[in-house]
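Right, one structure below, let's go through it.
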2 protein chains.
Amino acid sequence: MGDKYLIEYSDDVNKQQRTKQLDFFVYVDTVVFTINPDRLLRPEDRLEVLVMKRPGGSKGKWALPGGLVEDDEKLEHTSIRKVREETGLTLKLRDLHQVGAYGDPDRDNRFRAIAIAYMALVPHPSELRPIKYSDEASFVSYRSLRDGRLLEFDHSTIIYAARKVARSMLEDTNVALSFCKPKFTLTELRKVYESFLQYEVDPANFRRKVAATSDFILPIDEFSDFGSAPGRPAQMYRAGKAEQLSTQIRFRRNLDKIRPTGTSKKR
Amino acid sequence: MGDKYLIEYSDDVNKQQRTKQLDFFVYVDTVVFTINPDRLLRPEDRLEVLVMKRPGGSKGKWALPGGLVEDDEKLEHTSIRKVREETGLTLKLRDLHQVGAYGDPDRDNRFRAIAIAYMALVPHPSELRPIKYSDEASFVSYRSLRDGRLLEFDHSTIIYAARKVARSMLEDTNVALSFCKPKFTLTELRKVYESFLQYEVDPANFRRKVAATSDFILPIDEFSDFGSAPGRPAQMYRAGKAEQLSTQIRFRRNLDKIRPTGTSKKR
DNA sequence: GCAAAAGTGTTGGCGCTACACCCATGG
DNA sequence: CCATGGGTGTAGCGCCAACACTTTTGC
């Protein structure tokens, strides 16, 4: 039943190339991260990933949005196109970062598939819209996906690698701002770090660290005012121009003080 | 002229896949780093990359070893195979690390080529052998290759990315040991870090840092004794079992003392 | 209504650790 | 001349406490 195609290519290749079978499928899969700002969630549970149900996929399993690269299409463009087609979300090019390539011969039992994984960081879809972008796509918490059986192929591996890439980029680039809306508070920014580190960060130290790099974030003449929010209104900020942080933002934690998961809030 | 091939594949793919042209070539290119231990070299000049002349390549330009992935071949295996074929050097699987994928439509003017880049760290070929592995392949200093015009395709970009990956892995894994022979001195290990950081590191601090992580390196009952080496003989070490370093090995340098290439910033 | 309590953001400070720079010693 | 080890001043940072400004609760 397989369709047949004629493939012709330049003869300016060496012998090995001419005797080569061509049955590679080059995919791009995308891990879209977001931070759920819900105050009731613990920091470890705020990180969410955009996943979908593939039409012909295994029952009950999630998959990352992704698809074949087209001719004359940049890899990043494939990522943006497939995410929009399959989930309705439109990514910005500058929010995309490559995670790596996955090409083991047996990673897809249908044919030889090379997947190039990208990662994107987006603000949480605000309370205005529902969390689901379509019937078949939604944001799901990262922790619940750590059970690899919920995901198709090696997508569990890819998501884990994407989080590692993101966490390491948080330390010395301004990618964290991708998670935030144009105007944001320091607490929102701090929650980004907490979500990837999977533990809480001291607000005072965090404030000093981000202030240490000039032109990273800039205060604006505005304060948070989300009607029902208790507490002192927070200073609002906008992104500065610094893309590379001069001082690495890393939080070592005294291992004795890590609380067992399951205990509720502090204080 | 161009050869023609029949390509047949499973029908278990969706509509978009069936209407897709298949003319992707999946390559693996490998950046093999080594450290030249020559005492006369400055730390910035010790880092070297294994490059070769392609048979049909542009005149006078170097290229990274690499080639097409074969059916049922893991990407890492392609890397090892092509490096051995083209340069005679046999890499170990555990020394390979993925750098990333490069797939812009115009990166190869002959056809659509997806390159997956790997990086490997090897001890410097000792004085026993010549530096050249074959007439067409040799180690060339990283700094001289920074002039992108000496390299084909986007290989200059790939090498730069590979160095960044290596430097970041040096900070918290034991990859630096890949550069060393089974028995090595602390100075040899320090030169590895200096080569990637591109500046000198205080020997005393370096010693304390590597000693801080247990089971990273282990002293053996032997001392360096290279007749012509001046100074006190150095304690020799062998690799320990630790793969992940407990303390990050990073050397901040007083910004005032950085050589005159750059921007001095605030504070 | 009003006062107290509780929740959140912001600022200051103490104490400890890491470490960059320097120096002494020994092969 | 180079490897090894010690010492010291200092900057960074983890932790805690106090304060500022708001909503919520109790009577």
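Each chain in the structure tokens gets a letter, A, B, ..., in the order shown, and its residues are numbered from 1; ligands are numbered from 1 in order too.
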Q.
Report as a PyMOL selection string all protein, DNA and RNA residues lying within 12 Å of DG26 of chain C, evaluated on only C-alpha atoms (C1' of nucleotides), omitting residues in the same chain fewer than 3 positions from it.
A. (chain B and resi 231-234) or (chain D and resi 2-5)
**Q.** Which of segment 194-242 of chain B fall in strand (DSSP E or B), as a PyMOL selection string
**A.** chain B and resi 217-223+235-239
Q: Would you list the contacts of segment 6-15 of chain C as a PyMOL selection string, taking every protein, DNA or RNA residue within 12 Å and counting only C-alpha atoms (C1' of nucleotides), but skipping same-chain residues closer than 5 positions in sequence?
A: (chain A and resi 39+185-188+203-208+223-224+228-236+267) or (chain D and resi 13-25)
Q) Could you write out, as JSON, numbers by chain, all the residues of segment 40-264 of chain A that DSSP marks as alpha helix (DSSP H)? A) {"A": [75, 76, 77, 78, 79, 80, 81, 82, 83, 84, 85, 86, 87, 142, 143, 144, 145, 155, 156, 157, 158, 159, 160, 161, 162, 163, 164, 165, 166, 167, 168, 169, 170, 171, 172, 186, 187, 188, 189, 190, 191, 192, 193, 194, 195, 196, 197, 203, 204, 205, 206, 207, 208, 209, 210, 211, 212]}
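For the residues B:Lys241, B:Pro37, B:Ala212, B:Phe24, ranking by smallest atom-to-atom distance to chain C using only C-alpha atoms (C1' of nucleotides) places B:Ala212 first.
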Q) Could you work out how far atom CA of Arg84 of chain A lies from atom CA of Val122 of chain A, giving the answer in Å with one decimal? A)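 These two atoms are separated by 13.5 Å.
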Please report as a Markdown table every residue of chain C lying within 10 Å of chain B, along with the nearest atom pair and their distance in Å (one decimal), using only C-alpha atoms (C1' of nucleotides).
```
| residue | atom | partner | partner_atom | distance |
| --- | --- | --- | --- | --- |
| C:DC19 | C1' | B:Asn205 | CA | 7.5 |
| C:DA20 | C1' | B:Arg253 | CA | 7.7 |
| C:DC21 | C1' | B:Asp202 | CA | 8.9 |
| C:DG26 | C1' | B:Arg232 | CA | 7.9 |
| C:DG27 | C1' | B:Arg232 | CA | 4.6 |
```
Would you mind exporting N, CA, C and O atoms (P, O5', C5', C4', C3', O3' and C1' of nucleotides) of the selected residues as a CSV table (one decimal), in the first residue's frame?
```csv
chain,number,residue,atom,x,y,z
C,19,DC,P,34.1,28.3,45.7
C,19,DC,O5',35.1,29.5,45.6
C,19,DC,C5',34.7,30.8,45.4
C,19,DC,C4',35.9,31.7,45.6
C,19,DC,C3',37.2,31.2,45.0
C,19,DC,O3',37.8,32.2,44.3
C,19,DC,C1',37.5,32.0,47.1
C,20,DA,P,37.9,32.2,42.7
C,20,DA,O5',38.6,33.5,42.3
C,20,DA,C5',38.0,34.8,42.7
C,20,DA,C4',39.1,35.7,43.2
C,20,DA,C3',40.4,35.7,42.5
C,20,DA,O3',40.9,37.0,42.3
C,20,DA,C1',40.8,35.2,44.8
C,21,DC,P,42.2,37.2,41.4
C,21,DC,O5',43.4,37.6,42.4
C,21,DC,C5',43.2,38.6,43.4
C,21,DC,C4',44.2,38.4,44.5
C,21,DC,C3',45.6,38.3,44.0
C,21,DC,O3',46.4,39.4,44.4
C,21,DC,C1',45.2,36.8,45.7
C,26,DG,P,60.7,23.2,54.0
C,26,DG,O5',60.4,21.9,53.2
C,26,DG,C5',59.1,21.8,52.5
C,26,DG,C4',59.3,21.0,51.3
C,26,DG,C3',60.6,20.4,51.1
C,26,DG,O3',60.5,19.1,50.4
C,26,DG,C1',60.2,21.8,49.3
C,27,DG,P,61.5,18.0,50.5
C,27,DG,O5',61.9,17.6,49.0
C,27,DG,C5',61.0,16.7,48.3
C,27,DG,C4',61.0,17.2,46.8
C,27,DG,C3',62.1,16.7,46.0
C,27,DG,O3',61.6,15.8,45.0
C,27,DG,C1',61.6,19.0,45.6
```
